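Have a look at protein-v8.txt below; it lists compact mmCIF, C-alpha atoms.
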```txt
# COMPACT_ATOMS: atom_id res chain seq x y z
CA MET X 1 -79.72 70.03 105.70
CA ARG X 2 -78.99 68.16 108.89
CA ARG X 3 -75.35 67.67 107.80
CA ILE X 4 -74.97 71.43 107.07
CA ASP X 5 -76.56 72.31 110.43
CA VAL X 6 -74.19 70.00 112.28
CA ARG X 7 -71.15 71.40 110.51
CA LEU X 8 -72.32 74.97 111.08
CA ALA X 9 -73.00 74.29 114.74
CA ALA X 10 -69.62 72.61 115.14
CA GLY X 11 -67.90 75.55 113.45
CA LEU X 12 -69.68 78.06 115.66
CA SER X 13 -68.76 76.03 118.72
CA VAL X 14 -65.08 76.03 117.76
CA LEU X 15 -65.21 79.76 117.01
CA ALA X 16 -66.83 80.45 120.37
CA LEU X 17 -64.24 78.29 122.12
CA VAL X 18 -61.34 80.06 120.41
CA THR X 19 -62.84 83.49 121.08
CA THR X 20 -63.48 82.68 124.73
CA ALA X 21 -60.06 81.18 125.17
CA GLY X 22 -58.47 84.20 123.53
CA CYS X 23 -60.27 86.69 125.79
CA GLY X 24 -59.69 84.57 128.85
CA GLY X 25 -56.04 84.19 127.99
CA GLN X 26 -55.57 87.92 127.55
CA GLN X 27 -57.38 88.80 130.77
CA GLY X 28 -55.64 86.08 132.75
CA SER X 29 -52.24 87.04 131.39
CA ALA X 30 -52.75 90.70 132.22
CA ALA X 31 -53.95 89.89 135.71
CA GLU X 32 -51.11 87.41 136.21
CA ASP X 33 -48.52 89.94 135.06
CA ASP X 34 -50.01 92.60 137.34
CA THR X 35 -49.94 90.43 140.45
CA SER X 36 -46.76 88.45 139.93
CA SER X 37 -44.26 90.90 138.46
CA ALA X 38 -41.79 92.48 140.86
CA VAL X 39 -42.50 96.00 142.05
CA THR X 40 -39.45 98.20 141.54
CA CYS X 41 -40.97 101.67 142.08
CA GLU X 42 -39.40 102.62 138.74
CA VAL X 43 -41.88 104.20 136.33
CA ALA X 44 -40.86 102.90 132.90
CA ARG X 45 -42.63 105.37 130.62
CA GLU X 46 -43.98 108.89 130.81
CA THR X 47 -47.20 108.79 132.82
CA ARG X 48 -49.58 111.49 133.98
CA VAL X 49 -51.96 110.99 136.89
CA GLY X 50 -54.97 113.06 137.85
CA ILE X 51 -55.45 113.71 141.58
CA ALA X 52 -58.95 114.37 142.97
CA THR X 53 -58.72 116.71 145.96
CA GLY X 54 -61.50 118.86 147.46
CA ASN X 55 -62.66 122.47 147.90
CA ALA X 56 -60.10 125.12 146.92
CA THR X 57 -60.20 126.70 150.39
CA GLY X 58 -59.93 123.35 152.14
CA VAL X 59 -56.86 121.20 152.91
CA TYR X 60 -56.97 118.41 150.30
CA TYR X 61 -56.51 120.94 147.50
CA PRO X 62 -53.22 122.60 148.56
CA ILE X 63 -51.71 119.29 149.69
CA GLY X 64 -52.84 117.57 146.50
CA ASN X 65 -51.31 120.33 144.39
CA ALA X 66 -48.07 120.09 146.31
CA LEU X 67 -47.99 116.31 145.81
CA ALA X 68 -48.65 116.68 142.08
CA GLY X 69 -45.75 119.11 141.84
CA GLN X 70 -43.32 116.69 143.51
CA LEU X 71 -43.98 113.59 141.42
CA SER X 72 -41.81 114.57 138.47
CA GLY X 73 -38.71 115.27 140.52
CA SER X 74 -39.18 112.02 142.43
CA THR X 75 -39.32 109.91 139.28
CA GLY X 76 -36.79 111.49 136.95
CA GLY X 77 -39.57 113.21 135.04
CA LYS X 78 -41.39 109.98 134.18
CA LEU X 79 -44.41 110.60 136.42
CA THR X 80 -46.30 113.89 136.48
CA GLY X 81 -49.50 114.85 138.21
CA THR X 82 -52.36 117.32 137.98
CA ALA X 83 -54.56 118.12 140.98
CA ALA X 84 -58.19 119.12 140.50
CA GLU X 85 -60.67 120.86 142.77
CA THR X 86 -63.62 118.56 143.54
CA GLY X 87 -66.52 118.14 145.94
CA ALA X 88 -64.32 115.70 147.93
CA SER X 89 -64.71 112.19 149.33
CA VAL X 90 -67.83 110.50 147.88
CA GLN X 91 -67.52 112.26 144.54
CA ASN X 92 -63.80 111.50 144.50
CA VAL X 93 -64.39 107.78 144.93
CA GLU X 94 -67.06 107.74 142.22
CA GLN X 95 -64.85 109.58 139.74
CA LEU X 96 -61.80 107.52 140.69
CA VAL X 97 -63.68 104.31 139.89
CA GLY X 98 -65.12 105.95 136.77
CA GLY X 99 -61.62 106.68 135.47
CA GLN X 100 -61.72 110.48 135.61
CA TYR X 101 -58.90 110.45 138.19
CA ASP X 102 -56.12 108.08 139.18
CA VAL X 103 -55.60 109.15 142.80
CA ALA X 104 -58.15 110.50 145.29
CA PHE X 105 -58.19 111.95 148.78
CA SER X 106 -60.96 110.57 150.98
CA LEU X 107 -62.18 110.50 154.53
CA PHE X 108 -61.64 107.06 156.04
CA ASP X 109 -65.33 106.48 156.82
CA THR X 110 -66.26 107.17 153.19
CA ALA X 111 -63.49 104.84 151.98
CA VAL X 112 -64.75 102.06 154.26
CA ASN X 113 -68.29 102.52 152.92
CA ALA X 114 -66.88 102.31 149.39
CA VAL X 115 -65.10 98.97 149.85
CA GLU X 116 -68.05 97.53 151.79
CA GLY X 117 -70.74 98.85 149.43
CA LYS X 118 -72.55 100.76 152.16
CA GLY X 119 -73.79 104.29 152.76
CA SER X 120 -73.51 106.26 149.52
CA PHE X 121 -72.39 103.15 147.59
CA SER X 122 -74.78 100.45 146.42
CA ALA X 123 -71.99 97.92 145.76
CA PRO X 124 -68.34 97.41 146.80
CA GLN X 125 -65.99 99.68 144.87
CA PRO X 126 -62.62 98.47 143.46
CA VAL X 127 -60.46 100.92 145.40
CA GLN X 128 -57.38 100.41 147.52
CA ALA X 129 -55.27 102.66 149.72
CA LEU X 130 -51.79 104.06 149.24
CA ALA X 131 -51.59 105.16 152.87
CA ARG X 132 -53.39 106.62 155.82
CA LEU X 133 -52.66 110.33 155.99
CA TYR X 134 -53.33 113.02 158.60
CA ASP X 135 -56.55 113.30 160.63
CA ASN X 136 -59.54 115.44 159.69
CA TYR X 137 -61.17 117.47 162.43
CA THR X 138 -64.92 117.98 162.43
CA GLN X 139 -65.37 121.73 162.70
CA VAL X 140 -68.89 122.91 163.50
CA VAL X 141 -69.25 126.68 163.49
CA VAL X 142 -72.31 128.87 164.09
CA ARG X 143 -73.06 132.55 164.12
CA LYS X 144 -73.29 133.88 167.66
CA ASP X 145 -76.61 135.57 166.87
CA SER X 146 -78.17 132.26 165.71
CA GLY X 147 -78.89 131.04 169.23
CA ILE X 148 -77.42 127.61 168.38
CA THR X 149 -75.48 125.96 171.21
CA SER X 150 -75.59 122.32 170.06
CA VAL X 151 -76.24 120.23 166.95
CA ALA X 152 -79.74 119.51 168.26
CA GLY X 153 -80.29 123.27 168.35
CA MET X 154 -79.93 123.46 164.57
CA ARG X 155 -83.58 122.50 164.08
CA GLY X 156 -85.16 124.90 161.60
CA LYS X 157 -81.89 126.74 160.99
CA ARG X 158 -80.02 127.45 157.74
CA ILE X 159 -77.10 125.02 157.93
CA SER X 160 -74.41 124.35 155.33
CA THR X 161 -73.79 120.60 155.26
CA GLY X 162 -70.96 120.79 152.72
CA SER X 163 -70.60 120.14 149.02
CA PRO X 164 -72.88 117.44 147.57
CA LYS X 165 -71.26 113.99 147.77
CA SER X 166 -68.49 115.18 150.07
CA GLY X 167 -67.15 113.57 153.21
CA THR X 168 -68.29 116.68 155.06
CA GLU X 169 -71.86 116.04 153.97
CA VAL X 170 -71.64 112.42 155.17
CA MET X 171 -70.33 113.59 158.54
CA ALA X 172 -72.89 116.40 158.82
CA ASN X 173 -75.80 114.06 158.19
CA ARG X 174 -74.48 111.51 160.68
CA LEU X 175 -74.07 114.16 163.37
CA LEU X 176 -77.54 115.55 162.75
CA GLU X 177 -79.02 112.06 163.00
CA ALA X 178 -76.99 111.37 166.16
CA ALA X 179 -78.53 114.52 167.63
CA GLY X 180 -82.04 113.26 166.83
CA LEU X 181 -82.63 115.37 163.72
CA ASP X 182 -83.66 114.37 160.20
CA PRO X 183 -81.18 116.09 157.83
CA ALA X 184 -83.80 116.17 155.06
CA LYS X 185 -86.56 117.74 157.14
CA ASP X 186 -85.36 119.27 160.40
CA VAL X 187 -82.75 121.72 159.08
CA ARG X 188 -82.77 124.07 156.13
CA ALA X 189 -79.78 122.36 154.54
CA GLN X 190 -77.53 124.42 152.29
CA ARG X 191 -75.26 122.09 150.30
CA LEU X 192 -72.47 124.61 149.78
CA ASP X 193 -68.75 124.36 149.19
CA LEU X 194 -66.51 125.96 151.78
CA THR X 195 -65.94 129.22 149.89
CA LYS X 196 -69.68 129.91 149.60
CA THR X 197 -70.21 128.71 153.16
CA VAL X 198 -67.74 131.24 154.55
CA GLU X 199 -69.34 133.98 152.47
CA GLY X 200 -72.76 133.00 153.85
CA MET X 201 -71.51 133.09 157.42
CA LYS X 202 -70.08 136.54 156.90
CA ASP X 203 -73.23 138.02 155.34
CA GLY X 204 -75.63 136.21 157.65
CA SER X 205 -77.41 134.17 154.97
CA ILE X 206 -76.61 130.93 156.83
CA ASP X 207 -76.65 130.24 160.57
CA GLY X 208 -73.98 127.56 160.84
CA PHE X 209 -72.02 124.89 159.05
CA PHE X 210 -70.18 121.61 159.26
CA TRP X 211 -66.68 121.15 157.90
CA SER X 212 -64.39 118.12 158.01
CA GLY X 213 -60.80 119.08 157.29
CA GLY X 214 -57.25 119.28 158.52
CA LEU X 215 -55.94 121.97 160.84
CA PRO X 216 -55.79 124.72 159.93
CA THR X 217 -58.28 124.98 157.05
CA GLY X 218 -57.75 128.11 154.99
CA GLY X 219 -61.42 129.01 154.73
CA LEU X 220 -61.88 128.88 158.50
CA THR X 221 -58.72 130.88 159.09
CA ASP X 222 -60.22 133.56 156.86
CA LEU X 223 -63.56 133.43 158.71
CA PHE X 224 -62.11 133.67 162.19
CA THR X 225 -59.62 136.34 161.14
CA THR X 226 -62.15 138.65 159.50
CA ALA X 227 -65.35 137.83 161.41
CA GLY X 228 -64.19 136.06 164.57
CA ASP X 229 -66.33 138.24 166.81
CA THR X 230 -69.52 137.00 165.12
CA VAL X 231 -68.89 133.21 165.07
CA ARG X 232 -67.96 130.41 167.43
CA PHE X 233 -67.35 126.65 167.52
CA VAL X 234 -69.88 124.11 168.80
CA ASP X 235 -68.66 121.30 171.07
CA ILE X 236 -69.84 118.00 169.51
CA ALA X 237 -67.89 115.55 171.70
CA ALA X 238 -71.07 114.20 173.33
CA LEU X 239 -72.10 112.69 169.98
CA LEU X 240 -68.95 110.57 169.66
CA PRO X 241 -70.42 107.32 171.13
CA LYS X 242 -73.14 107.24 168.48
CA LEU X 243 -70.60 107.75 165.71
CA THR X 244 -68.19 105.10 166.98
CA ALA X 245 -71.10 102.66 166.84
CA LEU X 246 -71.08 103.30 163.08
CA SER X 247 -67.31 103.17 162.57
CA PRO X 248 -64.28 102.65 164.82
CA GLY X 249 -62.46 105.25 162.74
CA TYR X 250 -64.10 108.07 164.69
CA GLN X 251 -62.05 109.33 167.63
CA ALA X 252 -62.00 112.17 170.15
CA GLY X 253 -59.93 115.21 169.30
CA THR X 254 -59.39 118.85 170.18
CA ILE X 255 -59.19 122.00 168.09
CA GLY X 256 -56.59 123.99 170.01
CA ARG X 257 -57.23 127.64 170.74
CA ASP X 258 -54.05 128.55 168.87
CA VAL X 259 -55.29 127.11 165.55
CA TYR X 260 -57.77 129.90 164.80
CA ARG X 261 -56.95 132.12 167.78
CA THR X 262 -60.17 131.34 169.61
CA ALA X 263 -60.76 131.99 173.31
CA THR X 264 -60.77 128.30 174.30
CA ASP X 265 -59.95 124.82 173.02
CA THR X 266 -62.87 122.97 171.40
CA PRO X 267 -63.48 119.22 171.91
CA THR X 268 -64.48 117.55 168.66
CA ILE X 269 -64.49 114.32 166.63
CA VAL X 270 -61.70 113.34 164.25
CA VAL X 271 -61.52 110.84 161.41
CA PRO X 272 -58.41 109.85 159.39
CA ASN X 273 -57.85 110.59 155.72
CA VAL X 274 -56.63 108.04 153.21
CA LEU X 275 -55.16 108.35 149.73
CA LEU X 276 -56.99 106.02 147.34
CA VAL X 277 -56.34 104.51 143.92
CA ARG X 278 -58.10 101.95 141.75
CA ALA X 279 -57.10 98.38 142.44
CA ASP X 280 -55.75 98.01 138.89
CA LEU X 281 -53.36 100.98 139.01
CA ASP X 282 -49.86 100.07 137.82
CA ALA X 283 -47.98 98.90 140.91
CA ASN X 284 -44.82 100.87 140.13
CA VAL X 285 -46.84 104.07 139.74
CA ALA X 286 -48.60 103.36 143.06
CA CYS X 287 -45.23 102.71 144.70
CA ALA X 288 -43.71 105.92 143.35
CA ILE X 289 -46.64 108.05 144.50
CA THR X 290 -46.59 106.52 147.99
CA ARG X 291 -42.87 107.02 148.33
CA THR X 292 -43.22 110.66 147.26
CA VAL X 293 -45.87 111.32 149.92
CA PHE X 294 -43.44 110.39 152.68
CA ASP X 295 -40.18 111.56 151.11
CA LYS X 296 -41.71 114.99 150.47
CA ARG X 297 -43.85 115.29 153.59
CA ASP X 298 -42.10 118.50 154.64
CA VAL X 299 -42.88 120.08 151.26
CA LEU X 300 -46.53 119.05 151.61
CA ALA X 301 -46.57 120.58 155.09
CA GLN X 302 -45.40 123.86 153.63
CA ALA X 303 -48.55 123.83 151.51
CA ASN X 304 -50.65 123.17 154.63
CA PRO X 305 -49.48 122.31 158.16
CA ALA X 306 -52.04 119.47 158.38
CA ALA X 307 -49.58 117.35 156.37
CA LYS X 308 -47.31 117.26 159.42
CA GLY X 309 -49.71 114.57 160.65
CA ILE X 310 -48.61 112.18 157.89
CA SER X 311 -46.45 109.51 159.52
CA LEU X 312 -44.98 106.11 158.75
CA GLU X 313 -46.19 104.94 162.14
CA LYS X 314 -49.84 105.14 161.01
CA ALA X 315 -49.41 104.70 157.26
CA ARG X 316 -50.51 101.04 157.14
CA ARG X 317 -53.63 101.52 159.29
CA THR X 318 -56.16 101.47 156.46
CA LEU X 319 -58.12 98.25 157.02
CA PRO X 320 -60.72 97.28 155.99
CA VAL X 321 -59.53 99.28 152.98
CA PRO X 322 -56.71 97.11 151.57
CA LEU X 323 -53.31 98.56 150.77
CA HIS X 324 -52.34 98.50 147.10
CA ARG X 325 -49.40 96.15 146.52
CA GLY X 326 -47.36 99.04 145.13
CA ALA X 327 -47.94 100.93 148.36
CA GLU X 328 -46.90 97.85 150.36
CA LYS X 329 -43.55 97.87 148.55
CA ALA X 330 -42.99 101.56 149.22
CA LEU X 331 -43.91 101.31 152.88
CA ASN X 332 -41.70 98.25 153.34
CA ASP X 333 -38.76 100.12 151.81
CA LEU X 334 -39.44 103.16 153.99
CA GLY X 335 -39.54 101.05 157.16
CA ALA X 336 -43.18 101.72 158.04
CA LYS X 337 -44.42 99.80 161.08
```
Rewrite the structure from the file as structure tokens, please.
Amino acid sequence: MRRIDVRLAAGLSVLALVTTAGCGGQQGSAAEDDTSSAVTCEVARETRVGIATGNATGVYYPIGNALAGQLSGSTGGKLTGTAAETGASVQNVEQLVGGQYDVAFSLFDTAVNAVEGKGSFSAPQPVQALARLYDNYTQVVVRKDSGITSVAGMRGKRISTGSPKSGTEVMANRLLEAAGLDPAKDVRAQRLDLTKTVEGMKDGSIDGFFWSGGLPTGGLTDLFTTAGDTVRFVDIAALLPKLTALSPGYQAGTIGRDVYRTATDTPTIVVPNVLLVRADLDANVACAITRTVFDKRDVLAQANPAAKGISLEKARRTLPVPLHRGAEKALNDLGAK
């Protein structure tokens, strides 16, 4: 019996060693090929990528659709894309990592939280950037009859803080906290997408809202065009120091009076957008997508003028979110600084 046990144990040990070596060899080979092979930006086989955007009346959605439509022509038909409406940043990162999408738009502060495992993320997420894009402007709008003149004045009011798990919701909660309010207790939070938010502002069922998006945002253009005499912007610039203590990505900005044809300019807070992918995305696919963003920037800007803010000068400024090696190749070829 002892002899049989020894032989059986030895056999199992060999089997385990072979199995482990086989798995390790496959994983190591795949990783080695992925990190050592040259990036050509040539997509070898037909590939379709899903792009996570944001609310249909926002800015991510039209720009994402325009990008999806340009991929085929930029790659000889090898790479095609489909853009989907989503709740935006936090949800986008979660679904990107989960494999539902291959590319995702995100606010920079949400992307930083993702790679650092902070905020809405309990652990670091395996995401990397293709490029920094245009800036998002924090747009805080209230009904004139609400009596709200500041974020602190939102106490007890019906406030739309954006779609659940969106970058807008992250920003809204941070601004409320910076103003000394508890988002869960001190406001009657309505977690609405932008379409429903605009409808609520028009019919008076909500008193105000937060929105983080490029300029102009279609939903706000609609609101100020059809109900501009009943709504106005809130100046939130005084809250900037408390936000910069959380992230250096927050900066001062201005919503010009010409954007929505308001009476005056509005000081606000801006945060960059980034285009994210999983760290294991094929490098040539990542390169081709990045190159298309910049080669077709004018086409993207036709979908929404916010895309005019996409520039090679700022493209690499994504740290601490690392650039994907495919994006590095594209940006090198394009002469990004």
Stretch 159-258 of chain X near stretch 135-143 of chain X within 8 Å: what's each residue's closest atom pair and its distance in Å to one decimal, counting only C-alpha atoms, ordered by chain then ascending residue number, as JSON lines?
```
{"residue": "X:Met171", "atom": "CA", "partner": "X:Thr138", "partner_atom": "CA", "distance": 8.0}
{"residue": "X:Met201", "atom": "CA", "partner": "X:Arg143", "partner_atom": "CA", "distance": 6.9}
{"residue": "X:Gly204", "atom": "CA", "partner": "X:Arg143", "partner_atom": "CA", "distance": 7.9}
{"residue": "X:Asp207", "atom": "CA", "partner": "X:Arg143", "partner_atom": "CA", "distance": 5.6}
{"residue": "X:Gly208", "atom": "CA", "partner": "X:Val142", "partner_atom": "CA", "distance": 3.9}
{"residue": "X:Phe209", "atom": "CA", "partner": "X:Val141", "partner_atom": "CA", "distance": 5.5}
{"residue": "X:Phe210", "atom": "CA", "partner": "X:Val140", "partner_atom": "CA", "distance": 4.6}
{"residue": "X:Trp211", "atom": "CA", "partner": "X:Gln139", "partner_atom": "CA", "distance": 5.0}
{"residue": "X:Ser212", "atom": "CA", "partner": "X:Thr138", "partner_atom": "CA", "distance": 4.5}
{"residue": "X:Gly213", "atom": "CA", "partner": "X:Asn136", "partner_atom": "CA", "distance": 4.5}
{"residue": "X:Gly214", "atom": "CA", "partner": "X:Asn136", "partner_atom": "CA", "distance": 4.6}
{"residue": "X:Leu215", "atom": "CA", "partner": "X:Tyr137", "partner_atom": "CA", "distance": 7.1}
{"residue": "X:Thr230", "atom": "CA", "partner": "X:Arg143", "partner_atom": "CA", "distance": 5.8}
{"residue": "X:Val231", "atom": "CA", "partner": "X:Arg143", "partner_atom": "CA", "distance": 4.3}
{"residue": "X:Arg232", "atom": "CA", "partner": "X:Val141", "partner_atom": "CA", "distance": 5.6}
{"residue": "X:Phe233", "atom": "CA", "partner": "X:Val141", "partner_atom": "CA", "distance": 4.5}
{"residue": "X:Val234", "atom": "CA", "partner": "X:Val140", "partner_atom": "CA", "distance": 5.5}
{"residue": "X:Asp235", "atom": "CA", "partner": "X:Val140", "partner_atom": "CA", "distance": 7.7}
{"residue": "X:Ile236", "atom": "CA", "partner": "X:Val140", "partner_atom": "CA", "distance": 7.8}
{"residue": "X:Gly253", "atom": "CA", "partner": "X:Tyr137", "partner_atom": "CA", "distance": 7.3}
{"residue": "X:Ile255", "atom": "CA", "partner": "X:Tyr137", "partner_atom": "CA", "distance": 7.5}
```
Would you save the residues of that selection, restricted to C-alpha atoms, as a compact mmCIF listing (two decimals), in the coordinates of the input?
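Result file follows (selection.txt):
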```txt
# COMPACT_ATOMS: atom_id res chain seq x y z
CA MET X 171 -70.33 113.59 158.54
CA MET X 201 -71.51 133.09 157.42
CA GLY X 204 -75.63 136.21 157.65
CA ASP X 207 -76.65 130.24 160.57
CA GLY X 208 -73.98 127.56 160.84
CA PHE X 209 -72.02 124.89 159.05
CA PHE X 210 -70.18 121.61 159.26
CA TRP X 211 -66.68 121.15 157.90
CA SER X 212 -64.39 118.12 158.01
CA GLY X 213 -60.80 119.08 157.29
CA GLY X 214 -57.25 119.28 158.52
CA LEU X 215 -55.94 121.97 160.84
CA THR X 230 -69.52 137.00 165.12
CA VAL X 231 -68.89 133.21 165.07
CA ARG X 232 -67.96 130.41 167.43
CA PHE X 233 -67.35 126.65 167.52
CA VAL X 234 -69.88 124.11 168.80
CA ASP X 235 -68.66 121.30 171.07
CA ILE X 236 -69.84 118.00 169.51
CA GLY X 253 -59.93 115.21 169.30
CA ILE X 255 -59.19 122.00 168.09
```
Please provide as a PyMOL selection string all residues within 8 Å of X:Leu175, with the sequence filter that same-chain residues fewer than 6 positions apart are discarded (counting all atoms listed in the file).
chain X and resi 151+239+243
Under the rule that only C-alpha atoms are counted, which of X:Ala114, X:Leu281, X:Leu71, X:Ala189 is the nearest residue to X:Phe294?
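Checking each of X:Ala114, X:Leu281, X:Leu71, X:Ala189 against X:Phe294, counting only C-alpha atoms, the winner is X:Leu71.
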Have a look at X:Gly77, X:Ser122, X:Gly54, X:Gly156 and name the one nearest to X:Asn92; count all atoms listed in the file.
X:Gly54
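Across the structure, atom CA of X:Arg297 and atom CA of X:Ala330 are spaced 14.4 Å apart.
Interatomic distance, atom CA of X:Leu130 to atom CA of X:Thr217: 23.3 Å.
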Name all residues at most 12 Å from X:Gly99 (count all atoms listed in the file; drop same-chain ones fewer than 5 positions away) and give them as a list in words.
Val49, Gly50, Ile51, Ala52, Asn92, Val93, Glu94, Ala104, Pro126, Val127, Val277, Arg278, Ala279, Asp280 and Leu281 of chain X
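Look at X:Leu312: the protein and nucleic acid residues within 8 Å of it, using all atoms listed in the file and passing over chain neighbours fewer than 3 places away, are X:Phe294, X:Ala315, X:Arg316, X:Leu331, X:Leu334, X:Gly335, X:Ala336, X:Lys337.
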